[in-house]
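File shown: structure33.txt. Contents: compact mmCIF, C-alpha atoms.
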```txt
# COMPACT_ATOMS: atom_id res chain seq x y z
CA MET A 1 -2.43 -26.45 10.42
CA THR A 2 -0.77 -23.95 8.04
CA PRO A 3 -1.69 -20.37 9.06
CA ALA A 4 -3.81 -18.46 6.55
CA LEU A 5 -1.57 -15.39 6.80
CA HIS A 6 2.08 -14.80 7.60
CA VAL A 7 3.14 -11.22 8.42
CA GLU A 8 6.72 -9.96 8.04
CA TRP A 9 8.01 -6.61 9.31
CA LEU A 10 10.97 -5.70 7.08
CA GLY A 11 11.82 -2.37 8.72
CA ARG A 12 13.36 0.32 6.52
CA ILE A 13 14.46 -1.16 3.21
CA ALA A 14 15.41 -0.03 -0.30
CA TYR A 15 12.91 -0.59 -3.07
CA ALA A 16 14.81 -3.25 -5.06
CA PRO A 17 15.20 -5.84 -2.28
CA ALA A 18 11.57 -5.38 -1.24
CA LEU A 19 10.48 -6.01 -4.82
CA ALA A 20 12.74 -9.06 -4.98
CA ARG A 21 11.12 -10.38 -1.79
CA GLN A 22 7.67 -9.92 -3.35
CA ASP A 23 8.74 -11.68 -6.55
CA ALA A 24 10.15 -14.62 -4.58
CA LEU A 25 6.97 -15.00 -2.54
CA VAL A 26 4.76 -14.82 -5.63
CA ALA A 27 6.87 -17.47 -7.39
CA ALA A 28 6.70 -19.70 -4.32
CA LYS A 29 2.91 -19.34 -4.12
CA ILE A 30 2.52 -20.19 -7.81
CA ALA A 31 4.69 -23.28 -7.33
CA ASP A 32 2.97 -24.35 -4.10
CA PRO A 33 -0.55 -22.91 -3.64
CA VAL A 34 -0.89 -24.31 -0.11
CA LEU A 35 1.74 -21.91 1.23
CA PRO A 36 0.20 -19.24 3.48
CA ASP A 37 -0.59 -15.79 2.18
CA THR A 38 1.93 -13.16 3.28
CA LEU A 39 1.73 -9.50 4.25
CA LEU A 40 5.00 -7.56 4.05
CA LEU A 41 5.02 -4.39 6.16
CA LEU A 42 7.89 -1.95 5.77
CA GLU A 43 9.19 1.59 5.38
CA HIS A 44 11.04 2.44 2.16
CA ASP A 45 14.11 4.49 1.46
CA PRO A 46 12.94 7.52 -0.58
CA VAL A 47 11.70 6.53 -4.05
CA TYR A 48 9.05 7.47 -6.60
CA THR A 49 7.16 4.69 -8.37
CA ILE A 50 4.94 4.74 -11.43
CA GLY A 51 3.04 2.04 -13.30
CA ARG A 52 3.93 0.94 -16.82
CA THR A 53 2.09 3.66 -18.71
CA PRO A 54 3.07 5.91 -21.62
CA ASP A 55 1.56 8.86 -19.71
CA ARG A 56 4.22 9.95 -17.22
CA SER A 57 2.90 13.49 -16.78
CA SER A 58 2.41 12.89 -13.04
CA LEU A 59 6.23 13.13 -12.74
CA LEU A 60 6.20 16.92 -12.97
CA ALA A 61 9.90 17.44 -13.77
CA PRO A 62 11.46 13.99 -14.26
CA GLU A 63 14.95 15.39 -14.82
CA SER A 64 15.02 17.17 -11.44
CA LEU A 65 13.20 14.84 -9.05
CA PRO A 66 14.86 14.67 -5.62
CA HIS A 67 14.67 10.87 -5.46
CA PRO A 68 14.99 7.97 -7.96
CA VAL A 69 12.06 6.64 -10.00
CA GLU A 70 11.10 2.97 -10.36
CA THR A 71 8.74 1.85 -13.14
CA ILE A 72 6.82 -1.13 -11.82
CA GLN A 73 4.11 -3.68 -12.66
CA ARG A 74 1.09 -2.11 -11.01
CA GLY A 75 -1.75 0.10 -12.02
CA GLY A 76 -1.71 3.83 -11.56
CA GLN A 77 0.31 6.98 -11.90
CA ALA A 78 3.21 8.25 -9.79
CA THR A 79 3.42 8.06 -6.04
CA TYR A 80 6.13 8.46 -3.42
CA HIS A 81 7.42 6.05 -0.79
CA GLY A 82 9.80 6.99 1.97
CA PRO A 83 10.49 7.49 5.67
CA GLY A 84 7.41 8.23 7.72
CA GLN A 85 5.15 6.10 5.53
CA LEU A 86 3.93 2.55 6.15
CA VAL A 87 3.93 0.37 3.05
CA GLY A 88 2.11 -2.95 2.83
CA TYR A 89 2.65 -5.60 0.17
CA PRO A 90 0.08 -8.42 0.47
CA ILE A 91 0.99 -11.60 -1.41
CA ILE A 92 -2.51 -13.06 -1.51
CA ASP A 93 -3.85 -15.95 -3.60
CA LEU A 94 -6.96 -14.29 -4.98
CA SER A 95 -7.87 -17.40 -6.96
CA ARG A 96 -8.89 -18.85 -3.58
CA ARG A 97 -10.52 -15.62 -2.38
CA GLY A 98 -13.02 -14.72 -5.09
CA ARG A 99 -10.96 -13.50 -8.09
CA ASP A 100 -12.43 -10.01 -7.72
CA LEU A 101 -9.96 -7.12 -7.89
CA HIS A 102 -12.62 -4.52 -7.07
CA ARG A 103 -13.52 -6.42 -3.91
CA TYR A 104 -9.83 -6.79 -3.03
CA LEU A 105 -9.22 -3.04 -3.33
CA ARG A 106 -12.25 -2.27 -1.14
CA PHE A 107 -10.88 -4.74 1.43
CA LEU A 108 -7.53 -2.91 1.53
CA GLU A 109 -9.29 0.43 1.94
CA GLU A 110 -11.44 -0.97 4.76
CA VAL A 111 -8.38 -2.25 6.64
CA LEU A 112 -6.81 1.22 6.48
CA ILE A 113 -10.02 3.01 7.42
CA MET A 114 -10.44 0.77 10.47
CA SER A 115 -6.78 1.20 11.43
CA LEU A 116 -7.10 4.99 11.25
CA ALA A 117 -10.25 4.91 13.38
CA GLU A 118 -8.29 2.99 16.03
CA VAL A 119 -6.00 6.01 16.46
CA GLY A 120 -8.71 8.66 16.24
CA VAL A 121 -8.67 9.62 12.55
CA VAL A 122 -11.77 9.34 10.35
CA GLY A 123 -10.80 7.90 6.97
CA THR A 124 -13.24 7.73 4.06
CA ARG A 125 -13.51 6.66 0.43
CA ARG A 126 -14.22 8.98 -2.49
CA ASP A 127 -16.46 7.97 -5.37
CA GLY A 128 -14.47 6.98 -8.43
CA LEU A 129 -11.08 7.22 -6.71
CA THR A 130 -9.04 4.44 -5.12
CA GLY A 131 -7.42 5.16 -1.76
CA VAL A 132 -8.32 6.61 1.64
CA TRP A 133 -9.03 10.25 2.45
CA VAL A 134 -9.37 12.43 5.52
CA GLY A 135 -11.82 15.11 4.51
CA PRO A 136 -10.49 16.51 1.20
CA ARG A 137 -6.94 15.28 1.87
CA LYS A 138 -5.50 11.96 0.74
CA ILE A 139 -3.73 9.88 3.37
CA ALA A 140 -3.34 6.47 1.68
CA SER A 141 -2.73 5.26 -1.86
CA LEU A 142 -3.31 1.84 -3.41
CA GLY A 143 -1.69 0.27 -6.44
CA VAL A 144 -1.90 -3.46 -7.01
CA GLY A 145 -0.82 -6.04 -9.54
CA VAL A 146 -1.60 -9.71 -9.99
CA ARG A 147 0.39 -12.58 -11.42
CA ARG A 148 -1.70 -15.73 -11.99
CA TRP A 149 -4.14 -14.25 -9.46
CA ILE A 150 -1.40 -13.82 -6.84
CA SER A 151 -1.41 -10.20 -5.66
CA LEU A 152 1.65 -8.00 -5.30
CA HIS A 153 2.35 -4.34 -4.58
CA GLY A 154 -0.41 -2.94 -2.36
CA PHE A 155 -0.87 0.14 -0.18
CA ALA A 156 1.01 3.07 1.35
CA ILE A 157 -0.28 5.20 4.21
CA ASN A 158 1.41 8.35 5.45
CA VAL A 159 2.09 8.17 9.19
CA THR A 160 4.37 11.10 10.04
CA ALA A 161 4.73 14.55 8.50
CA GLU A 162 8.19 13.53 7.24
CA ALA A 163 6.47 11.60 4.42
CA LEU A 164 4.71 14.62 2.90
CA ALA A 165 7.21 17.08 1.35
CA PRO A 166 8.42 14.80 -1.52
CA PHE A 167 4.86 14.55 -2.89
CA GLY A 168 5.30 18.17 -4.00
CA ALA A 169 7.47 17.01 -6.93
CA ILE A 170 4.69 14.89 -8.47
CA THR A 171 0.96 14.85 -9.11
CA PRO A 172 0.14 12.04 -6.64
CA CYS A 173 -1.68 9.21 -8.42
CA GLY A 174 -2.32 11.62 -11.31
CA ILE A 175 -5.01 13.52 -9.35
CA ALA A 176 -4.64 17.23 -10.07
CA GLY A 177 -4.85 19.49 -7.03
CA VAL A 178 -4.79 16.68 -4.47
CA GLU A 179 -3.47 17.56 -1.01
CA MET A 180 -1.64 14.79 0.82
CA THR A 181 -1.82 14.37 4.58
CA ALA A 182 -0.52 12.03 7.28
CA LEU A 183 -1.80 10.48 10.46
CA GLU A 184 0.43 12.58 12.74
CA PRO A 185 -0.81 16.03 11.69
CA GLU A 186 -4.41 14.79 11.54
CA ASN A 187 -4.61 13.51 15.12
CA GLY A 188 -1.93 15.74 16.67
CA GLN A 189 -0.16 12.78 18.28
CA SER A 190 3.17 11.13 17.66
CA ILE A 191 3.12 7.54 16.39
CA SER A 192 5.93 5.56 14.84
CA VAL A 193 5.64 3.72 11.55
CA ASP A 194 6.33 0.37 13.22
CA GLY A 195 3.83 1.20 15.95
CA PHE A 196 1.10 1.84 13.38
CA ALA A 197 2.17 -1.33 11.54
CA HIS A 198 0.96 -3.34 14.54
CA VAL A 199 -2.48 -1.72 14.22
CA VAL A 200 -2.69 -2.47 10.49
CA ASP A 201 -1.46 -6.04 11.09
CA ARG A 202 -4.32 -6.67 13.52
CA PHE A 203 -7.08 -5.32 11.29
CA PHE A 204 -5.65 -6.95 8.16
CA ARG A 205 -5.78 -10.39 9.82
CA ALA A 206 -9.33 -9.87 11.06
CA GLN A 207 -10.76 -8.43 7.85
CA LEU A 208 -9.05 -10.89 5.50
CA GLU A 209 -11.20 -13.79 6.64
CA GLU A 210 -14.31 -11.62 6.90
CA ASP A 211 -14.06 -9.83 3.56
CA LEU A 212 -12.10 -12.36 1.49
CA PRO A 213 -12.73 -15.78 3.05
CA LEU A 214 -10.93 -18.78 1.63
CA ALA A 215 -13.02 -20.87 -0.73
CA PRO A 216 -13.80 -24.36 0.61
```
Show the structure stored in the file as structure tokens.
Amino acid sequence: MTPALHVEWLGRIAYAPALARQDALVAAKIADPVLPDTLLLLEHDPVYTIGRTPDRSSLLAPESLPHPVETIQRGGQATYHGPGQLVGYPIIDLSRRGRDLHRYLRFLEEVLIMSLAEVGVVGTRRDGLTGVWVGPRKIASLGVGVRRWISLHGFAINVTAEALAPFGAITPCGIAGVEMTALEPENGQSISVDGFAHVVDRFFRAQLEEDLPLAP
């Protein structure tokens, strides 16, 4: 039987080849819908990303940013990806899992909240805002796209303090005054990005079939 989900750990990778891998998987799923869904887990080289929007005010000083900017096909304002942060790109056939983007985003948040709880951090949602928070601080961002109901892009969760400083050059996700945080300073323990990836992998597999079961 074909597994419902295939998980790939890509390690640390530049943005362009990770995007190319997403595009290839989406094209393959469109061509052959019986292929398993895929979750790419990785850590990016430093990069800022922003959705295709005329409002780029979340890039505070575009001419002097410390890292390159990629304009991509997802919703949302600017965010940062880099060392110390776990990024997940689910390539999921949502046409077989309810065709409900709101439900899909809540599923991603739940996976991250459960993963944080596993390592002693209480993550929560905030009304009207997508992502995961620890008290007033934001620890995880979501930005998704779909192509013929195949999802791409996904989530980023800060694991170590190394991930935090570059957020100072932007307004993360366009939310004025937001304070970013990471797992490491919140629980006072050291955990690697690949170590936390194993936790997210486990909860993603379990919650996928519970929250977004395949249609008969």
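If all atoms listed in the file are the atoms counted, then among A:Gly84, A:Pro62, A:Pro68, A:Pro54 the closest residue to Ala165 of chain A is A:Gly84.
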Could you pull the residues within 8 Å of Gly51 of chain A, counting all atoms listed in the file, minus those fewer than 3 positions along the same chain, as a list in words? Thr71, Ile72, Gln73, Arg74, Gly75, Gly76, Gln77 and Ala78 of chain A
Closest of A:Ile92, A:Ala4, A:Leu35, A:Ile170 to Val69 of chain A - atom-to-atom distances counting all atoms listed in the file: A:Ile170
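Coordinates place atom CA of Asn158 of chain A at a distance of 14.3 Å from atom CA of Tyr48 of chain A.
Of note, atom CA of Ile91 of chain A and atom CA of Trp133 of chain A are spaced 24.3 Å apart.
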For Met180 of chain A: contacts at 7 Å, all atoms listed in the file, fewer than 2 positions along chain excluded, given as a PyMOL selection string: chain A and resi 137-139+164+178
Which residues are close to segment 201-212 of chain A, i.e. within 12 Å by all atoms listed in the file, leaving aside same-chain residues fewer than 4 positions away? Reply as an MDAnalysis selection string. chainID A and resid 3:9 37:42 86:90 92:118 155 194:197
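Nearest to Leu214 of chain A of all the residues A:Val122, A:Leu60, A:Val34, A:Cys173 is A:Val34, counting only C-alpha atoms.
Among the candidates A:Arg12, A:Lys29, A:Arg148, A:His81, the residue lying nearest to Phe167 of chain A is A:His81 (atoms considered: all atoms listed in the file).
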Any idea what the distance is between atom CA of Arg125 of chain A and atom CA of Glu179 of chain A? 14.9 Å
Using all atoms listed in the file, can you tell me which of A:Val121, A:Ala182, A:Leu59, A:Ala16 comes closest to Ala140 of chain A? A:Ala182
For Val26 of chain A, please output as a ChimeraX atom specification all residues within 8 Å (counting all atoms listed in the file; exclusion window: fewer than 3 positions along the same chain). /A:22-23,29-30,91,147,150-152
Report as AutoDock Vina command-line options the centre and the edge lengths, in Å to one decimal, of the axis-aligned box holding every listed atom of segment 41-44 of chain A, padded by 8 Å on each side.
```
--center_x 8.0 --center_y -1.0 --center_z 4.2 --size_x 22.0 --size_y 22.8 --size_z 20.0
```
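The nearest approach to Pro46 of chain A among the residues A:Val144, A:Ala163, A:Ala61, A:Ala31, with all atoms listed in the file taken into account, belongs to A:Ala163.
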